[in-house]
Each structure stands twice: as structure tokens, then as C-alpha cells.
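coords22.txt, holding compact mmCIF, C-alpha atoms:
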# COMPACT_ATOMS: atom_id res chain seq x y z
CA MET A 261 -36.19 -30.37 -60.57
CA GLU A 262 -33.24 -28.09 -61.25
CA GLY A 263 -34.61 -25.55 -58.80
CA SER A 264 -35.12 -28.04 -55.96
CA ARG A 265 -31.57 -29.37 -56.50
CA ALA A 266 -30.14 -25.89 -56.27
CA LEU A 267 -32.22 -25.21 -53.18
CA SER A 268 -31.03 -28.47 -51.60
CA ALA A 269 -27.44 -27.55 -52.37
CA LEU A 270 -27.89 -24.12 -50.81
CA VAL A 271 -29.54 -25.50 -47.69
CA GLY A 272 -26.80 -28.15 -47.42
CA ALA A 273 -24.10 -25.50 -47.74
CA ALA A 274 -25.76 -23.33 -45.08
CA ILE A 275 -26.10 -26.27 -42.68
CA GLY A 276 -22.48 -27.27 -43.33
CA PHE A 277 -21.27 -23.73 -42.68
CA GLY A 278 -23.30 -23.49 -39.49
CA ALA A 279 -22.04 -26.81 -38.21
CA GLY A 280 -18.47 -25.99 -39.12
CA TYR A 281 -18.65 -22.60 -37.40
CA ALA A 282 -20.25 -24.12 -34.33
CA LEU A 283 -17.57 -26.80 -34.13
CA TRP A 284 -14.47 -24.94 -35.21
CA GLY A 285 -15.19 -21.19 -35.14
CA PRO A 286 -15.18 -20.43 -31.42
CA ARG A 287 -12.71 -23.21 -30.74
CA SER A 288 -10.22 -21.88 -33.21
CA ALA A 289 -10.60 -18.40 -31.73
CA GLN A 290 -10.04 -19.83 -28.26
CA PHE A 291 -7.12 -21.84 -29.57
CA ALA A 292 -5.56 -18.72 -31.08
CA LEU A 293 -6.07 -16.85 -27.83
CA ASP A 294 -4.52 -19.68 -25.82
CA ARG A 295 -1.57 -19.70 -28.17
CA GLN A 296 -1.09 -15.96 -27.74
CA VAL A 297 -1.26 -16.30 -23.96
CA ALA A 298 1.27 -19.13 -24.03
CA ARG A 299 3.60 -17.07 -26.21
CA LEU A 300 3.29 -14.10 -23.88
CA GLU A 301 4.06 -16.28 -20.87
CA ALA A 302 7.10 -17.76 -22.60
CA VAL A 303 8.41 -14.30 -23.52
CA SER A 304 7.72 -13.08 -20.00
CA GLN A 305 9.73 -15.96 -18.56
CA GLN A 306 12.63 -15.28 -20.91
CA LEU A 307 12.55 -11.59 -20.05
CA SER A 308 12.49 -12.24 -16.33
CA ARG A 309 15.99 -13.66 -16.58
CA LEU A 310 17.31 -10.31 -17.88
CA PRO A 311 18.03 -7.21 -15.78
CA VAL A 312 15.04 -4.89 -15.43
CA GLU A 313 16.37 -2.22 -17.81
CA GLN A 314 16.94 -4.77 -20.59
CA GLN A 315 13.53 -6.28 -19.94
CA LEU A 316 11.78 -2.98 -20.37
CA ALA A 317 13.81 -2.13 -23.48
CA ALA A 318 13.05 -5.53 -25.00
CA THR A 319 9.39 -5.20 -24.15
CA SER A 320 9.25 -1.77 -25.72
CA ARG A 321 10.85 -3.06 -28.91
CA ALA A 322 8.50 -6.03 -29.04
CA SER A 323 5.46 -3.89 -28.46
CA HIS A 324 6.30 -1.72 -31.47
CA SER A 325 5.83 -4.62 -33.81
CA ALA A 326 3.77 -7.25 -32.03
CA LEU A 327 1.24 -5.70 -29.69
CA PRO A 328 -1.92 -4.01 -30.84
CA ALA A 329 -2.50 -0.59 -29.35
CA PRO A 330 -4.80 -0.83 -26.34
CA SER A 331 -7.81 1.41 -26.27
CA ALA A 332 -7.91 4.55 -24.18
CA GLU A 333 -10.34 2.72 -21.93
CA ASP A 334 -7.74 -0.02 -21.27
CA THR A 335 -5.03 2.42 -20.27
CA GLY A 336 -7.32 4.76 -18.40
CA ALA A 337 -6.09 7.73 -20.46
CA PRO A 338 -8.10 10.12 -22.59
CA ALA A 339 -8.13 9.05 -26.22
CA SER A 340 -6.10 12.01 -27.39
CA ALA A 341 -3.64 12.03 -24.48
CA GLN A 342 -1.59 8.97 -25.37
CA HIS A 343 -0.08 7.97 -28.66
CA PRO A 344 -1.06 4.40 -29.55
CA THR A 345 2.57 3.24 -29.49
CA GLU A 346 3.19 4.85 -26.10
CA ALA A 347 0.02 3.25 -24.80
CA ALA A 348 1.18 -0.16 -26.05
CA ILE A 349 4.57 0.28 -24.39
CA SER A 350 2.96 1.37 -21.14
CA ASP A 351 0.59 -1.57 -21.27
CA SER A 352 3.35 -4.08 -21.95
CA LYS A 353 5.47 -2.61 -19.14
CA SER A 354 2.62 -2.97 -16.70
CA ALA A 355 1.93 -6.53 -17.93
CA LEU A 356 5.54 -7.43 -17.34
CA ALA A 357 5.62 -5.68 -13.97
CA ILE A 358 2.48 -7.42 -12.74
CA ALA A 359 3.86 -10.80 -13.85
CA ARG A 360 7.09 -10.15 -11.97
CA SER A 361 5.21 -8.89 -8.91
CA ARG A 362 3.07 -12.00 -8.82
CA ARG A 363 6.07 -14.25 -9.20
CA MET A 364 7.88 -12.40 -6.42
CA ILE A 365 4.91 -12.75 -4.08
CA GLU A 366 4.53 -16.45 -4.93
CA GLU A 367 8.20 -17.09 -4.18
CA ALA A 368 7.94 -15.14 -0.91
CA LEU A 369 4.88 -17.14 0.07
CA ARG A 370 6.79 -20.36 -0.53
CA ALA A 371 9.59 -19.06 1.70
CA HIS A 372 7.09 -17.61 4.21
CA ARG A 373 9.24 -14.50 4.26
CA TRP A 374 9.00 -10.97 2.94
CA THR A 375 12.48 -9.45 2.88
CA ALA A 376 13.71 -5.86 2.64
CA GLU A 377 14.93 -6.75 -0.84
CA ASP A 378 11.44 -7.94 -1.82
CA SER A 379 10.04 -4.72 -0.43
CA SER A 380 12.32 -2.44 -2.42
CA SER A 381 11.93 -4.51 -5.60
CA LEU A 382 8.17 -4.40 -5.28
CA ARG A 383 8.23 -0.64 -4.81
CA ARG A 384 10.06 -0.29 -8.11
CA LEU A 385 7.62 -2.62 -9.85
CA ILE A 386 4.58 -0.90 -8.39
CA ALA A 387 5.57 2.28 -10.19
CA GLU A 388 4.98 0.43 -13.49
CA LEU A 389 1.49 -0.76 -12.59
CA ASN A 390 -1.87 0.85 -13.10
CA VAL A 391 -4.03 1.73 -10.11
CA GLN A 392 -5.98 -1.52 -9.98
CA GLN A 393 -2.83 -3.60 -10.33
CA GLN A 394 -1.10 -1.57 -7.62
CA LEU A 395 -4.00 -2.11 -5.27
CA ALA A 396 -4.11 -5.84 -6.06
CA VAL A 397 -0.41 -6.24 -5.33
CA VAL A 398 -0.47 -4.16 -2.15
CA THR A 399 -3.51 -5.91 -0.72
CA SER A 400 -2.23 -9.37 -1.59
CA VAL A 401 0.99 -8.73 0.35
CA ALA A 402 -0.99 -7.10 3.19
CA ARG A 403 -3.38 -10.07 3.34
CA ALA A 404 -0.49 -12.54 3.51
CA ILE A 405 1.30 -10.55 6.23
CA ASN A 406 -1.85 -10.10 8.28
CA ALA A 407 -2.66 -13.80 8.00
CA GLY A 408 0.84 -14.78 9.12
CA GLN A 409 1.68 -16.34 5.75
CA LEU A 410 4.51 -13.86 5.24
CA GLU A 411 6.93 -12.78 7.91
CA TRP A 412 8.07 -9.21 7.45
CA ASN A 413 11.35 -8.63 9.25
CA GLY A 414 12.39 -5.42 7.58
CA ARG A 415 11.97 -1.97 9.04
CA GLY A 416 9.29 0.45 7.93
CA PRO A 417 6.48 -0.24 5.46
CA PRO A 418 6.54 -3.66 3.78
CA PHE A 419 5.67 -2.21 0.36
CA MET B 412 15.45 43.01 72.58
CA ARG B 413 12.15 44.27 71.54
CA ILE B 414 10.85 43.99 67.94
CA SER B 415 8.46 46.60 66.81
CA ARG B 416 5.04 45.63 65.55
CA SER B 417 5.65 47.16 62.12
CA ARG B 418 8.79 45.04 61.69
CA VAL B 419 6.86 41.85 62.54
CA TYR B 420 4.26 42.82 60.04
CA ALA B 421 6.90 43.42 57.34
CA LEU B 422 8.57 40.07 58.07
CA THR B 423 5.25 38.22 57.88
CA VAL B 424 4.30 39.77 54.58
CA GLY B 425 7.79 39.19 53.20
CA SER B 426 7.71 35.51 54.18
CA PHE B 427 4.32 35.07 52.59
CA VAL B 428 5.48 36.66 49.33
CA LEU B 429 8.60 34.50 49.33
CA MET B 430 6.53 31.36 49.87
CA LEU B 431 4.17 32.32 47.05
CA CYS B 432 7.06 32.96 44.68
CA SER B 433 8.64 29.60 45.43
CA LEU B 434 5.33 27.86 44.87
CA LEU B 435 4.84 29.56 41.51
CA ALA B 436 8.38 28.70 40.45
CA SER B 437 7.97 25.01 41.25
CA LYS B 438 4.68 24.69 39.35
CA THR B 439 5.06 23.49 35.73
CA TRP B 440 2.35 24.87 33.53
CA ALA B 441 1.57 22.23 30.87
CA GLY B 442 -1.45 21.07 28.93
CA LEU B 443 -2.64 17.51 28.60
CA ARG B 444 -0.01 15.16 27.26
CA ARG B 445 -0.67 11.65 26.10
CA SER B 446 1.42 8.87 24.76
CA GLU B 447 0.21 5.75 22.99
CA PRO B 448 2.47 2.94 21.84
CA VAL B 449 1.61 0.91 18.74
CA ILE B 450 -1.07 -1.62 19.58
CA ILE B 451 -2.10 -4.30 17.09
CA ASN B 452 -5.07 -6.56 17.41
CA THR B 453 -4.63 -9.39 14.93
CA ALA B 454 -8.04 -10.93 15.59
CA GLY B 455 -9.81 -7.63 15.03
CA ARG B 456 -7.27 -6.69 12.33
CA TYR B 457 -6.71 -3.16 13.59
CA ALA B 458 -3.71 -1.12 14.62
CA GLN B 459 -3.38 2.15 16.48
CA GLY B 460 -0.71 4.35 17.95
CA ALA B 461 0.74 7.83 18.07
CA LEU B 462 3.54 8.51 15.63
CA GLY B 463 5.53 10.45 18.23
CA SER B 464 5.18 7.68 20.82
CA ALA B 465 6.25 5.01 18.32
CA ARG B 466 9.26 7.06 17.36
CA ASP B 467 10.13 7.71 21.00
CA ALA B 468 9.69 4.07 22.07
CA ALA B 469 12.50 2.39 23.94
CA ASP B 470 12.33 -0.66 21.67
CA ASP B 471 13.64 -0.81 18.14
CA ASN B 472 10.48 -2.23 16.60
CA GLN B 473 7.57 0.15 16.80
CA SER B 474 6.44 2.04 13.75
CA ILE B 475 3.16 3.16 12.28
CA GLY B 476 2.22 5.20 9.24
CA CYS B 477 0.92 5.31 5.69
CA VAL B 478 2.36 5.60 2.20
CA ILE B 479 0.45 7.63 -0.38
CA ARG B 480 1.41 6.90 -3.96
CA GLU B 481 0.98 9.32 -6.83
CA SER B 482 -1.55 6.91 -8.31
CA GLY B 483 -3.75 7.51 -5.27
CA VAL B 484 -3.17 4.08 -3.75
CA VAL B 485 -2.68 4.32 0.01
CA SER B 486 -1.05 1.65 2.12
CA CYS B 487 -0.75 1.74 5.89
CA SER B 488 1.29 -0.49 8.14
CA ALA B 489 2.20 -0.80 11.78
CA ARG B 490 4.59 -2.87 13.86
CA SER B 491 4.23 -3.30 17.59
CA ALA B 492 6.92 -3.61 20.23
CA THR B 493 6.43 -7.38 20.09
CA ASN B 494 7.01 -7.44 16.31
CA VAL B 495 3.43 -8.01 15.27
CA VAL B 496 2.71 -6.41 11.88
CA LEU B 497 -0.54 -5.30 10.30
CA SER B 498 -1.01 -3.60 6.95
CA CYS B 499 -3.68 -2.69 4.44
CA GLY B 500 -4.18 -0.94 1.11
CA SER B 501 -6.85 1.19 -0.50
CA ASN B 502 -7.50 3.51 -3.40
CA ASP B 503 -10.49 5.14 -1.74
CA PRO B 504 -10.13 8.93 -2.06
CA LEU B 505 -11.53 9.38 1.46
CA TYR B 506 -8.78 7.23 2.95
CA ARG B 507 -6.25 9.06 0.84
CA ALA B 508 -7.48 12.40 2.19
CA ALA B 509 -7.28 11.09 5.76
CA ALA B 510 -3.76 9.75 5.23
CA GLN B 511 -2.67 13.07 3.78
CA SER B 512 -3.50 14.76 7.07
CA LEU B 513 -0.99 12.61 8.99
CA ASN B 514 1.91 14.42 10.58
CA GLY B 515 4.47 13.83 13.30
CA ASP B 516 2.03 14.78 16.05
CA SER B 517 -0.75 12.47 14.84
CA ARG B 518 -2.30 9.37 16.25
CA LEU B 519 -3.32 6.81 13.61
CA TYR B 520 -5.91 4.05 13.70
CA PHE B 521 -6.55 1.74 10.77
CA SER B 522 -8.25 -1.58 10.22
CA ALA B 523 -8.21 -4.18 7.47
CA ASP B 524 -10.50 -6.87 6.12
CA ALA B 525 -9.43 -10.44 5.45
CA GLU B 526 -8.33 -9.48 1.93
CA GLY B 527 -5.92 -6.77 3.06
CA ASN B 528 -8.18 -3.84 2.14
CA CYS B 529 -8.33 -0.93 4.55
CA THR B 530 -11.74 -0.71 6.17
CA SER B 531 -11.14 2.40 8.27
CA LEU B 532 -8.49 5.02 8.66
CA VAL B 533 -8.68 7.61 11.42
CA VAL B 534 -6.15 10.37 11.99
CA GLU B 535 -6.18 12.38 15.22
CA ASN B 536 -4.32 15.66 15.28
CA TYR B 537 -4.68 16.69 18.92
CA SER B 538 -2.45 18.89 21.02
CA PHE B 539 -1.91 16.15 23.58
CA TRP B 540 -0.18 13.67 21.26
CA LEU B 541 3.53 13.88 21.70
CA PRO B 542 5.42 15.32 18.77
CA LYS B 543 8.14 13.27 17.15
CA GLN B 544 11.48 13.78 18.81
CA PRO B 545 14.76 13.37 16.95

Exercise: express the given structure as C-alpha cells:
Amino acid sequence: MEGSRALSALVGAAIGFGAGYALWGPRSAQFALDRQVARLEAVSQQLSRLPVEQQLAATSRASHSALPAPSAEDTGAPASAQHPTEAAISDSKSALAIARSRRMIEEALRAHRWTAEDSSSLRRLIAELNVQQQLAVVTSVARAINAGQLEWNGRGPPF
Amino acid sequence: MRISRSRVYALTVGSFVLMLCSLLASKTWAGLRRSEPVIINTAGRYAQGALGSARDAADDNQSIGCVIRESGVVSCSARSATNVVLSCGSNDPLYRAAAQSLNGDSRLYFSADAEGNCTSLVVENYSFWLPKQP
């Protein structure tokens, strides 16, 4: 009798754990991830109101304490070539630059205009991006210009 | 007055030589020269033109060329005399190599897909394309 009670208790605990994990485990992980994304977006918005130099300095400071070091695979660098802190700074700079690039393109699309100022600002931002991000930004502007969604009135290359 | 036969002969030969010299002087010896303004086909999403011709154009609009970034990303763009613009981007090493061969005497052709990616990039470095003038 004692044994079957103990067995029942164990089975009940296992079922309870399984159900709890199924209901709350993945959700709480997703929730935590969503919260992190929301925080990053909020910080990005606050930073976008500052001049670029201050933004990068603030991002570098934040990345020292808050951001985990990305893997060598994430940054595209050999494992021994980049110090974890440098990699985190580089990653946060590129995250900020891509967010600003996207916002700039969105605003230009709303205005249907790509100005010389947009062009020079984007050139500066592109320098902060990794290869895939650079290509994504360049092709998105090219696509919009080719489709007539953006009017490029400046002289020379639009990006 | 009687002109001797030898003098007539000398005058004839002299006239012939003079005529030949003037003909040679008026002839300009030049190879094939071609000029091609920037042409953009928006439906086909391609652009072409010689850099020297675009530079030398009477209008203030024409331009064509590529940017090669240290990351390896290449972007090309062109603007026609009528202000039509086409551009594309790529990180294909073959396109990068082609773009690196561009110079002031080149003729460039590039095309793009609907997403803004370069789908071809051709550089011609022929003697007949006009060099860029100041």
C-alpha cells in the first residue's frame, strides 16, 4: 500500500511537471525573449534621438554590462581574432546601424524621396554593418528606386 | 616661247608629288571611335553606357558606375539624360572582380532583378570607347 502510494505520488509529480513545462516552459522563454526585444527596441529608439557619436558610445557602454558576447560564427570572425567584448560592441553597433538604416529607408519611402542627405547618412551607417546587412540595405534602396517608390534626385550613386 | 620636254616632265612630276602630299596631310589617321550615352530600360531593368560618353554628355544628368566596398559589397547605378535611375547591389565575388576592372575608358552594362540584386555586370575595355575628358 505504501509503495503504490509513493508510486502514485511520483507519477503525479511527473505528470504535473510535464504539464507545467508544456504550458509555461516555452511560453515563459518566449515571453522573456519578447521582453528583451521590446527593451532593445526602446533603447534603440532612445538612442536614435542622440547624435551618432553619443549613440555609439552609449551602445558600447551598455554592451559591456548587458549584452552577451556573440559567437565567432555570429560576427563572422575567427574565434581567436576578436575579444568577446569587442565582438559584443561590434555586434551592438551593427544592430543599431541596421535599425537606423531601416528607419531611414522607411521614412524615405513615406516621403517617396531619397535625398543626398539620406545617401550620405546611409553611407556612414553602411560602414557599421556586416556584409549581409550591407547587401540587404543596398538592395532594398535599389529595389525601391528601380520600382519608382523612391525618387533619387541627387548626383552620383544613391548609396 | 617654247618649253622643253624635260621641263614639262619635271612640272608634271612636281605637281603629282604636291597633290599627294596635300592628300596625305588632309587625311586623319584614327582608329574606331564609339560613343554610347547612358541608356536605361526600366522594364528590362538594365542599364548601359560608356563612362567617357556619360562624362562628356551635354546634359547634366548622365552618370554610370559602380561602388566597391571593402566588405566586398558592390553597388552599381546609372542615370540617363532623361533622369531615369537604375541601381543594384551584390556581394558576388565575380561581380566584384568585374567591377574592379572598370576604368575611365570602359563601357558598363548591368541588370537587376525585382529585389534590387545585380543579375549581370559586364565591363568592356575596348580601344574605341572614348576616354573620360576633364

Practice item. Write out as a PyMOL selection string the residues lying within 12 Å of segment 508-511 of chain B, counting all atoms listed in the file and excluding same-chain residues fewer than 4 positions away. Key: chain B and resi 475-481+483-488+500-504+515+517-521+529+531-536

Could you make a table, as JSON lines, of the residues of chain A that have an atom within 10 Å of an atom of chain B, each with its nearest atom pair and distance in Å to one decimal, counting only C-alpha atoms, in chain and number order?
{"residue": "A:Ile386", "atom": "CA", "partner": "B:Arg480", "partner_atom": "CA", "distance": 9.5}
{"residue": "A:Ala387", "atom": "CA", "partner": "B:Ser482", "partner_atom": "CA", "distance": 8.7}
{"residue": "A:Leu389", "atom": "CA", "partner": "B:Ser482", "partner_atom": "CA", "distance": 9.3}
{"residue": "A:Asn390", "atom": "CA", "partner": "B:Ser482", "partner_atom": "CA", "distance": 7.7}
{"residue": "A:Val391", "atom": "CA", "partner": "B:Ser482", "partner_atom": "CA", "distance": 6.0}
{"residue": "A:Gln392", "atom": "CA", "partner": "B:Asn502", "partner_atom": "CA", "distance": 8.4}
{"residue": "A:Gln394", "atom": "CA", "partner": "B:Val484", "partner_atom": "CA", "distance": 7.2}
{"residue": "A:Leu395", "atom": "CA", "partner": "B:Val484", "partner_atom": "CA", "distance": 6.4}
{"residue": "A:Ala396", "atom": "CA", "partner": "B:Gly500", "partner_atom": "CA", "distance": 8.7}
{"residue": "A:Val397", "atom": "CA", "partner": "B:Gly500", "partner_atom": "CA", "distance": 9.2}
{"residue": "A:Val398", "atom": "CA", "partner": "B:Gly500", "partner_atom": "CA", "distance": 5.9}
{"residue": "A:Thr399", "atom": "CA", "partner": "B:Gly527", "partner_atom": "CA", "distance": 4.6}
{"residue": "A:Ser400", "atom": "CA", "partner": "B:Gly527", "partner_atom": "CA", "distance": 6.5}
{"residue": "A:Val401", "atom": "CA", "partner": "B:Gly527", "partner_atom": "CA", "distance": 7.7}
{"residue": "A:Ala402", "atom": "CA", "partner": "B:Gly527", "partner_atom": "CA", "distance": 4.9}
{"residue": "A:Arg403", "atom": "CA", "partner": "B:Gly527", "partner_atom": "CA", "distance": 4.2}
{"residue": "A:Ala404", "atom": "CA", "partner": "B:Gly527", "partner_atom": "CA", "distance": 7.9}
{"residue": "A:Ile405", "atom": "CA", "partner": "B:Leu497", "partner_atom": "CA", "distance": 6.9}
{"residue": "A:Asn406", "atom": "CA", "partner": "B:Leu497", "partner_atom": "CA", "distance": 5.4}
{"residue": "A:Ala407", "atom": "CA", "partner": "B:Ala525", "partner_atom": "CA", "distance": 8.0}
{"residue": "A:Gly408", "atom": "CA", "partner": "B:Val496", "partner_atom": "CA", "distance": 9.0}
{"residue": "A:Glu411", "atom": "CA", "partner": "B:Val496", "partner_atom": "CA", "distance": 8.6}
{"residue": "A:Trp412", "atom": "CA", "partner": "B:Val496", "partner_atom": "CA", "distance": 7.5}
{"residue": "A:Asn413", "atom": "CA", "partner": "B:Asn494", "partner_atom": "CA", "distance": 8.4}
{"residue": "A:Gly414", "atom": "CA", "partner": "B:Asn472", "partner_atom": "CA", "distance": 9.8}
{"residue": "A:Arg415", "atom": "CA", "partner": "B:Asn472", "partner_atom": "CA", "distance": 7.7}
{"residue": "A:Gly416", "atom": "CA", "partner": "B:Ser474", "partner_atom": "CA", "distance": 6.7}
{"residue": "A:Pro417", "atom": "CA", "partner": "B:Ser488", "partner_atom": "CA", "distance": 5.8}
{"residue": "A:Pro418", "atom": "CA", "partner": "B:Ser488", "partner_atom": "CA", "distance": 7.5}
{"residue": "A:Phe419", "atom": "CA", "partner": "B:Ser486", "partner_atom": "CA", "distance": 7.9}

Would you write out those residues with C-alpha atoms, as a CSV table (one decimal), in the coordinates of the input?
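Resulting contents of result_11.csv:
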chain,number,residue,atom,x,y,z
A,386,ILE,CA,4.6,-0.9,-8.4
A,387,ALA,CA,5.6,2.3,-10.2
A,389,LEU,CA,1.5,-0.8,-12.6
A,390,ASN,CA,-1.9,0.8,-13.1
A,391,VAL,CA,-4.0,1.7,-10.1
A,392,GLN,CA,-6.0,-1.5,-10.0
A,394,GLN,CA,-1.1,-1.6,-7.6
A,395,LEU,CA,-4.0,-2.1,-5.3
A,396,ALA,CA,-4.1,-5.8,-6.1
A,397,VAL,CA,-0.4,-6.2,-5.3
A,398,VAL,CA,-0.5,-4.2,-2.2
A,399,THR,CA,-3.5,-5.9,-0.7
A,400,SER,CA,-2.2,-9.4,-1.6
A,401,VAL,CA,1.0,-8.7,0.4
A,402,ALA,CA,-1.0,-7.1,3.2
A,403,ARG,CA,-3.4,-10.1,3.3
A,404,ALA,CA,-0.5,-12.5,3.5
A,405,ILE,CA,1.3,-10.6,6.2
A,406,ASN,CA,-1.8,-10.1,8.3
A,407,ALA,CA,-2.7,-13.8,8.0
A,408,GLY,CA,0.8,-14.8,9.1
A,411,GLU,CA,6.9,-12.8,7.9
A,412,TRP,CA,8.1,-9.2,7.4
A,413,ASN,CA,11.4,-8.6,9.2
A,414,GLY,CA,12.4,-5.4,7.6
A,415,ARG,CA,12.0,-2.0,9.0
A,416,GLY,CA,9.3,0.4,7.9
A,417,PRO,CA,6.5,-0.2,5.5
A,418,PRO,CA,6.5,-3.7,3.8
A,419,PHE,CA,5.7,-2.2,0.4

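Going from atom CA of Asn452 of chain B to atom CA of Asp470 of chain B covers 18.9 Å.
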
Practice item. Name all residues at most 12 Å from Glu366 of chain A (count all atoms listed in the file; drop same-chain ones fewer than 3 positions away) and give them as a ChimeraX atom specification. Key: /A:359-363,369-374,378,397,400-401,404,409-410

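Note that atom CA of Ser381 of chain A and atom CA of Val449 of chain B are 27.0 Å apart.
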
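In this comparison, which uses only C-alpha atoms, the residue of B:Ser512, B:Thr530, B:Ser464, B:Thr423 approaching Pro542 of chain B most closely is B:Ser464.
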
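Take atom CA of Ala355 of chain A and atom CA of Arg383 of chain A: the distance between them is 15.7 Å.
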
Selection: 10 Å around Arg444 of chain B, all atoms listed in the file, excl. self and same-chain fewer than 2 positions, as a PDB file with C-alpha atoms, in the frame of the given file:
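What ended up in out-v7.pdb:
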ATOM      1  CA  ALA B 441       1.570  22.230  30.870  1.00  0.00           C
ATOM      2  CA  GLY B 442      -1.450  21.070  28.930  1.00  0.00           C
ATOM      3  CA  SER B 446       1.420   8.870  24.760  1.00  0.00           C
ATOM      4  CA  TYR B 537      -4.680  16.690  18.920  1.00  0.00           C
ATOM      5  CA  SER B 538      -2.450  18.890  21.020  1.00  0.00           C
ATOM      6  CA  PHE B 539      -1.910  16.150  23.580  1.00  0.00           C
ATOM      7  CA  TRP B 540      -0.180  13.670  21.260  1.00  0.00           C
ATOM      8  CA  LEU B 541       3.530  13.880  21.700  1.00  0.00           C
TER       9      LEU B 541
END
